[in-house]
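Participant: PDB, C-alpha atoms, pLDDT in the B column, saved as model33.pdb, coming up:
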ATOM      1  CA  MET L   1       0.000   0.000   0.000  1.00 73.00           C
ATOM      2  CA  ASP L   2       1.092   3.541  -0.649  1.00 83.00           C
ATOM      3  CA  GLU L   3       1.345   6.170   2.042  1.00 90.00           C
ATOM      4  CA  LEU L   4      -1.350   8.827   2.125  1.00 93.00           C
ATOM      5  CA  THR L   5      -0.846  11.977   0.108  1.00 94.00           C
ATOM      6  CA  GLU L   6      -1.191  15.299   1.911  1.00 94.00           C
ATOM      7  CA  ALA L   7      -4.578  15.887   0.239  1.00 96.00           C
ATOM      8  CA  GLN L   8      -5.808  12.434   1.279  1.00 96.00           C
ATOM      9  CA  ALA L   9      -4.617  12.960   4.859  1.00 95.00           C
ATOM     10  CA  GLN L  10      -6.401  16.327   5.034  1.00 96.00           C
ATOM     11  CA  ALA L  11      -9.622  14.871   3.624  1.00 97.00           C
ATOM     12  CA  LEU L  12      -9.515  12.017   6.140  1.00 97.00           C
ATOM     13  CA  HIS L  13      -8.793  14.434   8.996  1.00 97.00           C
ATOM     14  CA  ALA L  14     -11.877  16.448   8.019  1.00 97.00           C
ATOM     15  CA  ALA L  15     -13.902  13.210   7.872  1.00 97.00           C
ATOM     16  CA  LEU L  16     -12.694  12.270  11.370  1.00 98.00           C
ATOM     17  CA  LEU L  17     -13.685  15.669  12.757  1.00 98.00           C
ATOM     18  CA  ALA L  18     -17.136  15.407  11.170  1.00 97.00           C
ATOM     19  CA  LEU L  19     -17.566  11.867  12.515  1.00 97.00           C
ATOM     20  CA  LYS L  20     -16.501  13.028  15.991  1.00 98.00           C
ATOM     21  CA  GLU L  21     -19.141  15.773  15.946  1.00 97.00           C
ATOM     22  CA  GLN L  22     -21.813  13.375  14.671  1.00 96.00           C
ATOM     23  CA  LEU L  23     -21.021  10.813  17.385  1.00 96.00           C
ATOM     24  CA  GLU L  24     -21.038  13.438  20.133  1.00 95.00           C
ATOM     25  CA  GLN L  25     -24.488  14.591  18.992  1.00 93.00           C
ATOM     26  CA  GLN L  26     -25.695  10.998  18.792  1.00 90.00           C
ATOM     27  CA  LEU L  27     -24.482  10.355  22.343  1.00 91.00           C
ATOM     28  CA  GLN L  28     -26.212  13.483  23.584  1.00 88.00           C
ATOM     29  CA  GLN L  29     -29.503  12.362  22.016  1.00 85.00           C
ATOM     30  CA  ALA L  30     -29.094   8.796  23.301  1.00 79.00           C
ATOM     31  CA  GLU L  31     -28.621  10.102  26.837  1.00 78.00           C
ATOM     32  CA  SER L  32     -32.279  11.083  27.173  1.00 70.00           C
ATOM     33  CA  ALA L  33     -33.566   8.034  25.275  1.00 66.00           C
ATOM     34  CA  ALA L  34     -31.639   5.690  27.576  1.00 59.00           C
ATOM     35  CA  LYS L  35     -33.204   7.002  30.785  1.00 65.00           C
ATOM     36  CA  PRO L  36     -35.184   4.482  32.852  1.00 65.00           C
ATOM     37  CA  VAL L  37     -38.705   3.780  31.623  1.00 55.00           C
ATOM     38  CA  GLN L  38     -41.493   5.239  33.745  1.00 57.00           C
ATOM     39  CA  LEU L  39     -43.459   2.365  35.287  1.00 56.00           C
ATOM     40  CA  ASP L  40     -46.542   4.375  36.249  1.00 55.00           C
ATOM     41  CA  GLN L  41     -49.466   2.416  34.745  1.00 55.00           C
ATOM     42  CA  THR L  42     -51.601   5.537  34.577  1.00 54.00           C
ATOM     43  CA  LEU L  43     -49.131   7.056  32.114  1.00 55.00           C
ATOM     44  CA  LEU L  44     -48.513   4.057  29.870  1.00 53.00           C
ATOM     45  CA  GLY L  45     -50.329   0.847  29.105  1.00 57.00           C
ATOM     46  CA  ARG L  46     -48.541  -2.501  29.213  1.00 58.00           C
ATOM     47  CA  VAL L  47     -47.793  -2.594  25.462  1.00 61.00           C
ATOM     48  CA  SER L  48     -46.637   1.005  25.440  1.00 71.00           C
ATOM     49  CA  ARG L  49     -44.351   0.338  28.404  1.00 67.00           C
ATOM     50  CA  MET L  50     -42.866  -2.715  26.671  1.00 72.00           C
ATOM     51  CA  ASP L  51     -42.312  -0.634  23.540  1.00 76.00           C
ATOM     52  CA  ALA L  52     -40.644   2.081  25.600  1.00 72.00           C
ATOM     53  CA  MET L  53     -38.413  -0.516  27.260  1.00 73.00           C
ATOM     54  CA  GLN L  54     -37.428  -1.911  23.855  1.00 81.00           C
ATOM     55  CA  GLN L  55     -36.638   1.603  22.607  1.00 78.00           C
ATOM     56  CA  GLN L  56     -34.551   2.147  25.735  1.00 76.00           C
ATOM     57  CA  SER L  57     -32.638  -1.073  25.044  1.00 80.00           C
ATOM     58  CA  VAL L  58     -31.927   0.029  21.465  1.00 82.00           C
ATOM     59  CA  ALA L  59     -30.825   3.445  22.727  1.00 78.00           C
ATOM     60  CA  LEU L  60     -28.431   1.844  25.224  1.00 83.00           C
ATOM     61  CA  SER L  61     -26.953  -0.366  22.509  1.00 85.00           C
ATOM     62  CA  THR L  62     -26.583   2.595  20.157  1.00 86.00           C
ATOM     63  CA  LYS L  63     -24.974   4.610  22.927  1.00 88.00           C
ATOM     64  CA  GLY L  64     -22.465   1.828  23.627  1.00 90.00           C
ATOM     65  CA  HIS L  65     -21.545   1.504  19.953  1.00 92.00           C
ATOM     66  CA  ALA L  66     -21.207   5.279  19.589  1.00 94.00           C
ATOM     67  CA  ASN L  67     -18.928   5.414  22.655  1.00 95.00           C
ATOM     68  CA  VAL L  68     -16.624   2.723  21.215  1.00 96.00           C
ATOM     69  CA  THR L  69     -16.513   4.414  17.821  1.00 97.00           C
ATOM     70  CA  LEU L  70     -15.871   7.821  19.405  1.00 97.00           C
ATOM     71  CA  LYS L  71     -12.873   6.390  21.287  1.00 98.00           C
ATOM     72  CA  LYS L  72     -11.498   5.058  17.983  1.00 97.00           C
ATOM     73  CA  VAL L  73     -12.053   8.441  16.315  1.00 98.00           C
ATOM     74  CA  LEU L  74     -10.275  10.258  19.153  1.00 98.00           C
ATOM     75  CA  ALA L  75      -7.375   7.789  18.916  1.00 97.00           C
ATOM     76  CA  ALA L  76      -7.192   8.373  15.148  1.00 97.00           C
ATOM     77  CA  LEU L  77      -7.192  12.159  15.650  1.00 98.00           C
ATOM     78  CA  ASN L  78      -4.424  11.737  18.227  1.00 97.00           C
ATOM     79  CA  ALA L  79      -2.434   9.584  15.770  1.00 96.00           C
ATOM     80  CA  HIS L  80      -2.966  12.254  13.102  1.00 96.00           C
ATOM     81  CA  ALA L  81      -1.598  14.928  15.426  1.00 96.00           C
ATOM     82  CA  LYS L  82       1.491  12.781  16.055  1.00 95.00           C
ATOM     83  CA  GLY L  83       2.007  12.077  12.340  1.00 93.00           C
ATOM     84  CA  GLU L  84       1.224   8.381  12.848  1.00 94.00           C
ATOM     85  CA  TYR L  85      -2.198   8.289  11.208  1.00 96.00           C
ATOM     86  CA  GLY L  86      -2.674   5.922   8.287  1.00 96.00           C
ATOM     87  CA  TYR L  87      -0.281   3.241   9.531  1.00 96.00           C
ATOM     88  CA  CYS L  88      -1.368  -0.110  10.882  1.00 96.00           C
ATOM     89  CA  ARG L  89      -1.016  -0.312  14.641  1.00 95.00           C
ATOM     90  CA  ARG L  90      -0.044  -3.971  14.350  1.00 96.00           C
ATOM     91  CA  CYS L  91       2.316  -4.286  11.345  1.00 96.00           C
ATOM     92  CA  ASP L  92       3.199  -0.600  10.820  1.00 95.00           C
ATOM     93  CA  GLU L  93       2.389  -0.810   7.109  1.00 96.00           C
ATOM     94  CA  PRO L  94       0.309   1.939   5.463  1.00 96.00           C
ATOM     95  CA  ILE L  95      -3.457   1.430   5.637  1.00 96.00           C
ATOM     96  CA  GLY L  96      -5.106   1.727   2.240  1.00 94.00           C
ATOM     97  CA  PHE L  97      -6.841   4.997   1.404  1.00 96.00           C
ATOM     98  CA  GLY L  98     -10.013   3.129   0.400  1.00 95.00           C
ATOM     99  CA  ARG L  99     -10.223   1.487   3.832  1.00 96.00           C
ATOM    100  CA  LEU L 100      -9.682   4.810   5.559  1.00 97.00           C
ATOM    101  CA  GLN L 101     -12.329   6.453   3.397  1.00 96.00           C
ATOM    102  CA  ALA L 102     -14.810   3.784   4.472  1.00 96.00           C
ATOM    103  CA  GLN L 103     -13.686   3.796   8.124  1.00 96.00           C
ATOM    104  CA  PRO L 104     -11.439   6.764   8.894  1.00 97.00           C
ATOM    105  CA  GLU L 105     -11.094   5.557  12.495  1.00 97.00           C
ATOM    106  CA  SER L 106      -9.430   2.284  11.376  1.00 96.00           C
ATOM    107  CA  SER L 107      -6.172   1.540  13.137  1.00 96.00           C
ATOM    108  CA  LEU L 108      -5.454  -1.740  11.359  1.00 96.00           C
ATOM    109  CA  CYS L 109      -4.840  -2.617   7.727  1.00 95.00           C
ATOM    110  CA  LEU L 110      -7.216  -5.099   6.084  1.00 94.00           C
ATOM    111  CA  LYS L 111      -4.737  -7.973   6.398  1.00 95.00           C
ATOM    112  CA  CYS L 112      -4.267  -7.523  10.160  1.00 96.00           C
ATOM    113  CA  GLN L 113      -7.987  -6.874  10.724  1.00 95.00           C
ATOM    114  CA  SER L 114      -8.819 -10.080   8.839  1.00 94.00           C
ATOM    115  CA  GLN L 115      -6.355 -12.044  10.961  1.00 94.00           C
ATOM    116  CA  ILE L 116      -7.963 -10.733  14.141  1.00 93.00           C
ATOM    117  CA  ASP L 117     -11.485 -11.404  12.834  1.00 94.00           C
ATOM    118  CA  ASP L 118     -10.542 -15.003  11.945  1.00 92.00           C
ATOM    119  CA  GLN L 119      -9.336 -15.784  15.470  1.00 87.00           C
TER     120      GLN L 119
END
As a first step, turn the structure in this file into structure tokens.
Facilitator:
Amino acid sequence: MDELTEAQAQALHAALLALKEQLEQQLQQAESAAKPVQLDQTLLGRVSRMDAMQQQSVALSTKGHANVTLKKVLAALNAHAKGEYGYCRRCDEPIGFGRLQAQPESSLCLKCQSQIDDQ
């Protein structure tokens, strides 16, 4: 794989910043959706309460995924600041631009990611 050009690195940095902002907003919205479900039967019927509990479960799952992704984005931004962005954390080879376009927070090249996924 080739190293990133300056233009590619700048485009990916902008994508990381946009993703960071999007995730922070998503986490803010998930905060209220993940609050405990009100169990007052006068406010909600049984089906409505079950639906609210399911929505809460989805919100908690979304929040967890967003937190993990945000940590990866922050690590990628930190690597960018250090001049280490775009290199595989495991083998130190350049990560392909196409992979970074699809997942700018990636810290592993496809080969290393595949090896980890196969374990």
Participant: Enumerate, as a ChimeraX atom specification, the residues matched when the PyMOL selection byres ((chain L and resi 68-82) around 7) is run on the file above.
Facilitator: /L:16,20,23,64-67,83-85,105
Participant: Please compute the atom CA of Phe97 of chain L-atom CA of Leu4 of chain L distance, one decimal, in Å.
Facilitator: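 According to the coordinates, atom CA of Phe97 of chain L and atom CA of Leu4 of chain L are separated by 6.7 Å.
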Participant: So, with only C-alpha atoms as the atoms that count, which of L:Ser48, L:Arg90, L:Gln55, L:Gln29 lies closest to Cys112 of chain L?
Facilitator: L:Arg90
Participant: Of the candidates L:Gln26, L:Gln10, L:Gln115, L:Gln103, which shows the shortest atom-to-atom distance to Thr62 of chain L, using all atoms listed in the file?
Facilitator: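 Going through L:Gln26, L:Gln10, L:Gln115, L:Gln103 one by one, the smallest distance to Thr62 of chain L is for L:Gln26.
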Participant: Record the distance separating atom CA of Glu24 of chain L and atom CA of Ala9 of chain L, expressed in Å with one decimal.
Facilitator: 22.4 Å
Participant: Here is a test: counting all atoms listed in the file, which residue of L:Gln101, L:Thr5, L:Ser107, L:Ser61 is nearest to Glu31 of chain L?
Facilitator: L:Ser61
Participant: For atom CA of Leu108 of chain L and atom CA of Leu17 of chain L, quote the distance in Å rounded to one decimal.
Facilitator: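 Interatomic distance, atom CA of Leu108 of chain L to atom CA of Leu17 of chain L: 19.3 Å.
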Participant: Compile the contact shell of Arg99 of chain L as a ChimeraX atom specification: residues with an atom at most 8 Å away, counting all atoms listed in the file, same-chain residues fewer than 6 positions apart removed.
Facilitator: /L:106,109-110
Participant: Please determine an axis-aligned box that encloses all atoms of segment 54-61 of chain L listed in the file, with 4 Å added on each side, and express its centre and edge lengths in Å to one decimal as AutoDock Vina command-line options.
Facilitator:
--center_x -32.2 --center_y 0.8 --center_z 23.6 --size_x 18.5 --size_y 13.4 --size_z 12.3
Participant: Choose the residue, out of L:Asp2, L:Leu60, L:Met50, L:Ala14, that has the smallest atom-to-atom separation from Ala30 of chain L; count only C-alpha atoms.
Facilitator: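 Closest to Ala30 of chain L, using only C-alpha atoms: L:Leu60.
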Participant: With distances taken over only C-alpha atoms, which residue among L:Gln22, L:Ser32, L:Gln113, L:Gln56 lies nearest Arg89 of chain L?
Facilitator: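 Closest candidate: L:Gln113.
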